[in-house]
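Source file: target15.txt; contents: compact mmCIF, C-alpha atoms.
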```txt
# COMPACT_ATOMS: atom_id res chain seq x y z
CA MET A 39 143.23 171.76 35.50
CA LEU A 40 141.59 173.63 38.35
CA GLU A 41 140.18 177.05 37.69
CA ALA A 42 138.91 179.62 40.11
CA VAL A 43 137.48 183.09 39.83
CA LYS A 44 138.09 185.66 42.49
CA VAL A 45 135.58 188.49 42.59
CA ALA A 46 135.28 191.56 44.74
CA LEU A 47 131.82 192.11 46.15
CA ASP A 48 130.18 195.40 46.93
CA PRO A 49 127.05 194.26 48.77
CA THR A 50 124.22 196.43 49.97
CA PRO A 51 123.59 196.36 53.73
CA ARG A 52 120.82 193.77 53.24
CA GLN A 53 123.05 191.57 51.09
CA GLU A 54 125.85 191.93 53.63
CA ARG A 55 123.54 190.64 56.38
CA LEU A 56 122.60 187.68 54.18
CA LEU A 57 126.24 186.88 53.47
CA GLU A 58 127.06 187.08 57.17
CA GLY A 59 124.09 184.83 57.87
CA HIS A 60 125.34 182.23 55.40
CA ALA A 61 128.81 182.36 56.96
CA GLY A 62 127.24 182.00 60.41
CA ALA A 63 125.23 178.99 59.28
CA ALA A 64 128.42 177.40 57.93
CA ARG A 65 130.21 178.12 61.24
CA PHE A 66 127.29 176.61 63.18
CA ALA A 67 127.33 173.45 61.05
CA TYR A 68 131.12 173.11 61.39
CA ASN A 69 131.02 173.49 65.19
CA LEU A 70 128.00 171.20 65.54
CA MET A 71 129.59 168.45 63.49
CA LEU A 72 132.94 168.80 65.28
CA SER A 73 131.19 168.36 68.65
CA HIS A 74 129.26 165.38 67.23
CA VAL A 75 132.49 163.67 66.11
CA ARG A 76 134.10 164.47 69.46
CA SER A 77 131.18 162.95 71.36
CA GLN A 78 131.29 159.81 69.19
CA LEU A 79 134.99 159.37 69.95
CA ALA A 80 134.44 160.05 73.66
CA ARG A 81 131.77 157.32 73.80
CA GLY A 82 134.17 154.90 72.11
CA GLU A 83 132.11 154.64 68.93
CA LYS A 84 133.64 154.44 65.49
CA ALA A 85 133.32 157.98 64.19
CA ASP A 86 132.69 158.40 60.47
CA TRP A 87 133.88 161.87 59.56
CA SER A 88 133.57 161.74 55.80
CA MET A 89 131.75 164.65 54.25
CA TYR A 90 128.98 162.32 53.08
CA ALA A 91 128.45 160.85 56.54
CA MET A 92 128.28 164.36 57.99
CA ARG A 93 125.77 165.39 55.36
CA ARG A 94 123.60 162.31 56.06
CA TRP A 95 123.65 163.04 59.80
CA TRP A 96 122.82 166.71 59.20
CA ASN A 97 119.90 165.85 56.92
CA GLU A 98 118.52 163.50 59.55
CA TRP A 99 118.70 165.97 62.45
CA LYS A 100 118.62 169.47 60.93
CA ASN A 101 114.91 170.12 61.58
CA GLU A 102 115.30 169.43 65.28
CA ILE A 103 118.68 171.07 65.82
CA ALA A 104 118.35 174.12 63.58
CA PRO A 105 114.75 174.84 62.53
CA TRP A 106 115.99 177.95 60.70
CA TRP A 107 118.24 175.91 58.37
CA ALA A 108 116.12 176.60 55.26
CA GLU A 109 116.82 180.34 55.42
CA TYR A 110 120.32 179.70 54.06
CA SER A 111 121.72 177.83 51.09
CA LYS A 112 122.61 174.17 51.45
CA GLU A 113 126.00 175.11 50.02
CA ALA A 114 126.88 176.96 53.23
CA TYR A 115 126.42 173.76 55.23
CA ASN A 116 128.17 171.59 52.64
CA SER A 117 131.22 173.84 52.57
CA ALA A 118 131.46 173.51 56.37
CA PHE A 119 131.27 169.71 56.18
CA GLU A 120 133.88 169.63 53.43
CA SER A 121 136.21 171.85 55.45
CA LEU A 122 135.81 169.80 58.62
CA ALA A 123 136.28 166.50 56.78
CA ALA A 124 139.54 167.81 55.30
CA ALA A 125 140.73 169.05 58.71
CA LEU A 126 140.00 165.71 60.37
CA LYS A 127 141.66 163.78 57.55
CA ASN A 128 144.75 165.99 57.81
CA HIS A 129 144.87 165.45 61.57
CA PHE A 130 144.66 161.67 61.42
CA ASP A 131 146.94 161.38 58.38
CA SER A 132 149.48 163.51 60.24
CA ARG A 133 149.31 161.28 63.32
CA THR A 134 149.78 158.08 61.32
CA GLY A 135 152.61 159.42 59.15
CA ARG A 136 150.70 159.45 55.86
CA ARG A 137 150.90 163.25 55.70
CA LYS A 138 154.21 164.97 55.23
CA GLY A 139 155.11 168.17 56.99
CA ARG A 140 154.42 169.36 60.49
CA ARG A 141 151.92 167.52 62.65
CA MET A 142 148.40 168.83 62.48
CA GLY A 143 146.45 169.32 65.68
CA TRP A 144 142.84 168.52 66.38
CA PRO A 145 140.48 170.93 64.56
CA ARG A 146 139.32 173.86 66.68
CA PHE A 147 135.86 175.28 67.01
CA LYS A 148 135.27 178.36 64.88
CA SER A 149 134.63 181.55 66.81
CA LYS A 150 132.37 184.33 65.58
CA ARG A 151 134.92 186.91 66.67
CA ARG A 152 138.19 185.18 65.74
CA ALA A 153 137.46 183.21 62.56
CA THR A 154 137.15 184.77 59.14
CA PRO A 155 133.50 184.44 58.03
CA ARG A 156 133.47 182.19 54.97
CA PHE A 157 131.50 179.70 52.97
CA ALA A 158 131.63 178.49 49.38
CA TYR A 159 129.26 177.86 46.50
CA THR A 160 130.36 174.87 44.48
CA THR A 161 127.40 174.01 42.25
CA GLY A 162 127.35 177.21 40.23
CA SER A 163 123.85 178.16 41.35
```
Would you encode the structure as structure tokens?
Amino acid sequence: MLEAVKVALDPTPRQERLLEGHAGAARFAYNLMLSHVRSQLARGEKADWSMYAMRRWWNEWKNEIAPWWAEYSKEAYNSAFESLAAALKNHFDSRTGRRKGRRMGWPRFKSKRRATPRFAYTTGS
């Protein structure tokens, strides 16, 4: 059984900035990893888009790409990798016929203006 709790937040202005920062970090990680997978495919390499492969790549390069990464929770980045891995799996399963329903397109980059700011905490901390 899956359980979820939905809560309404009433953050202070400082907390609101922190939440927006976490959502921005997740958006950055999603877009960065999507461009990385795209570049791998463009070069003809075998792209590994599992969440674990994305996390390994992020941990290897995060200090050089985003020196500010430690300001935000690792859960913000992990939720982005999980979301992108699911989107890529849906896309390729749709193309090969393993996914029922309408065909899924290639994942799009998340825009600061257009996308809903979101991230998830999954470890309970």
Against range 59-63 of chain A, which residues of range 76-159 of chain A fall within 8 Å? For each one I want the closest pair of atoms and the distance in Å (one decimal), counting all atoms listed in the file, rows by chain and increasing residue number, as JSON lines.
```
{"residue": "A:Trp107", "atom": "CA", "partner": "A:Ala63", "partner_atom": "CA", "distance": 7.7}
{"residue": "A:Tyr110", "atom": "CA", "partner": "A:His60", "partner_atom": "CA", "distance": 5.8}
{"residue": "A:Ser111", "atom": "CA", "partner": "A:His60", "partner_atom": "CA", "distance": 7.1}
{"residue": "A:Ala114", "atom": "CA", "partner": "A:His60", "partner_atom": "CA", "distance": 5.9}
{"residue": "A:Tyr115", "atom": "CA", "partner": "A:Ala63", "partner_atom": "CA", "distance": 6.7}
{"residue": "A:Lys150", "atom": "CA", "partner": "A:Gly62", "partner_atom": "CA", "distance": 7.6}
{"residue": "A:Pro155", "atom": "CA", "partner": "A:Ala61", "partner_atom": "CA", "distance": 5.2}
{"residue": "A:Arg156", "atom": "CA", "partner": "A:Ala61", "partner_atom": "CA", "distance": 5.1}
{"residue": "A:Phe157", "atom": "CA", "partner": "A:Ala61", "partner_atom": "CA", "distance": 5.5}
```
Using all atoms listed in the file, which residue out of A:Glu58, A:Lys100, A:Trp87, A:Thr160 lies closest to Leu72 in chain A?
-> A:Trp87
Find the residue from A:Leu40, A:Trp96, A:Arg141, A:Glu109 that sits nearest to Leu57 in chain A; use only C-alpha atoms when measuring.
->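 Closest to Leu57 in chain A of all the choices is A:Glu109.
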Counting all atoms listed in the file, the residue of A:Ala67, A:Ala123, A:Met89, A:Leu79 that sits nearest Lys148 in chain A =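 Using all atoms listed in the file, the shortest distance to Lys148 in chain A belongs to A:Ala67.
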Figure out the distance between CA of Pro51 in chain A and CA of Arg65 in chain A, please, to one decimal in Å.
->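 One can read the CA of Arg65 in chain A to CA of Pro51 in chain A distance as 20.8 Å.
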Cut-off 12 Å around (130.6, 165.5, 61.4) with only C-alpha atoms: residues as a PDB file with C-alpha atoms, keeping the file's coordinate frame:
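Full text of result_16.pdb as output:
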```pdb
ATOM      1  CA  PHE A  66     127.290 176.610  63.180  1.00  0.00           C
ATOM      2  CA  ALA A  67     127.330 173.450  61.050  1.00  0.00           C
ATOM      3  CA  TYR A  68     131.120 173.110  61.390  1.00  0.00           C
ATOM      4  CA  ASN A  69     131.020 173.490  65.190  1.00  0.00           C
ATOM      5  CA  LEU A  70     128.000 171.200  65.540  1.00  0.00           C
ATOM      6  CA  MET A  71     129.590 168.450  63.490  1.00  0.00           C
ATOM      7  CA  LEU A  72     132.940 168.800  65.280  1.00  0.00           C
ATOM      8  CA  SER A  73     131.190 168.360  68.650  1.00  0.00           C
ATOM      9  CA  HIS A  74     129.260 165.380  67.230  1.00  0.00           C
ATOM     10  CA  VAL A  75     132.490 163.670  66.110  1.00  0.00           C
ATOM     11  CA  ARG A  76     134.100 164.470  69.460  1.00  0.00           C
ATOM     12  CA  SER A  77     131.180 162.950  71.360  1.00  0.00           C
ATOM     13  CA  GLN A  78     131.290 159.810  69.190  1.00  0.00           C
ATOM     14  CA  LEU A  79     134.990 159.370  69.950  1.00  0.00           C
ATOM     15  CA  ALA A  85     133.320 157.980  64.190  1.00  0.00           C
ATOM     16  CA  ASP A  86     132.690 158.400  60.470  1.00  0.00           C
ATOM     17  CA  TRP A  87     133.880 161.870  59.560  1.00  0.00           C
ATOM     18  CA  SER A  88     133.570 161.740  55.800  1.00  0.00           C
ATOM     19  CA  MET A  89     131.750 164.650  54.250  1.00  0.00           C
ATOM     20  CA  TYR A  90     128.980 162.320  53.080  1.00  0.00           C
ATOM     21  CA  ALA A  91     128.450 160.850  56.540  1.00  0.00           C
ATOM     22  CA  MET A  92     128.280 164.360  57.990  1.00  0.00           C
ATOM     23  CA  ARG A  93     125.770 165.390  55.360  1.00  0.00           C
ATOM     24  CA  ARG A  94     123.600 162.310  56.060  1.00  0.00           C
ATOM     25  CA  TRP A  95     123.650 163.040  59.800  1.00  0.00           C
ATOM     26  CA  TRP A  96     122.820 166.710  59.200  1.00  0.00           C
ATOM     27  CA  ASN A  97     119.900 165.850  56.920  1.00  0.00           C
ATOM     28  CA  TRP A  99     118.700 165.970  62.450  1.00  0.00           C
ATOM     29  CA  TYR A 115     126.420 173.760  55.230  1.00  0.00           C
ATOM     30  CA  ASN A 116     128.170 171.590  52.640  1.00  0.00           C
ATOM     31  CA  ALA A 118     131.460 173.510  56.370  1.00  0.00           C
ATOM     32  CA  PHE A 119     131.270 169.710  56.180  1.00  0.00           C
ATOM     33  CA  GLU A 120     133.880 169.630  53.430  1.00  0.00           C
ATOM     34  CA  SER A 121     136.210 171.850  55.450  1.00  0.00           C
ATOM     35  CA  LEU A 122     135.810 169.800  58.620  1.00  0.00           C
ATOM     36  CA  ALA A 123     136.280 166.500  56.780  1.00  0.00           C
ATOM     37  CA  ALA A 124     139.540 167.810  55.300  1.00  0.00           C
ATOM     38  CA  ALA A 125     140.730 169.050  58.710  1.00  0.00           C
ATOM     39  CA  LEU A 126     140.000 165.710  60.370  1.00  0.00           C
ATOM     40  CA  LYS A 127     141.660 163.780  57.550  1.00  0.00           C
ATOM     41  CA  PRO A 145     140.480 170.930  64.560  1.00  0.00           C
TER      42      PRO A 145
END
```
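The two atoms in question, CA of Lys112 in chain A and CA of Arg151 in chain A, are spaced 23.4 Å apart.
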Could you please determine the separation between CA of Lys44 in chain A and CA of Ala158 in chain A in Å, to one decimal place?
->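 For CA of Lys44 in chain A relative to CA of Ala158 in chain A, the distance reads 11.9 Å.
Distance cut-off 8 Å, centre (145.2, 166.1, 65.5), atoms counted all atoms listed in the file; the residues meeting this are Leu126, Asn128, His129, Phe130, Ser132, Arg133, Arg141, Met142, Gly143, Trp144 and Pro145 of chain A.
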Any chance you can output those residues with C-alpha atoms as a PDB file, in the frame of the given file?
```pdb
ATOM      1  CA  LEU A 126     140.000 165.710  60.370  1.00  0.00           C
ATOM      2  CA  ASN A 128     144.750 165.990  57.810  1.00  0.00           C
ATOM      3  CA  HIS A 129     144.870 165.450  61.570  1.00  0.00           C
ATOM      4  CA  PHE A 130     144.660 161.670  61.420  1.00  0.00           C
ATOM      5  CA  SER A 132     149.480 163.510  60.240  1.00  0.00           C
ATOM      6  CA  ARG A 133     149.310 161.280  63.320  1.00  0.00           C
ATOM      7  CA  ARG A 141     151.920 167.520  62.650  1.00  0.00           C
ATOM      8  CA  MET A 142     148.400 168.830  62.480  1.00  0.00           C
ATOM      9  CA  GLY A 143     146.450 169.320  65.680  1.00  0.00           C
ATOM     10  CA  TRP A 144     142.840 168.520  66.380  1.00  0.00           C
ATOM     11  CA  PRO A 145     140.480 170.930  64.560  1.00  0.00           C
TER      12      PRO A 145
END
```
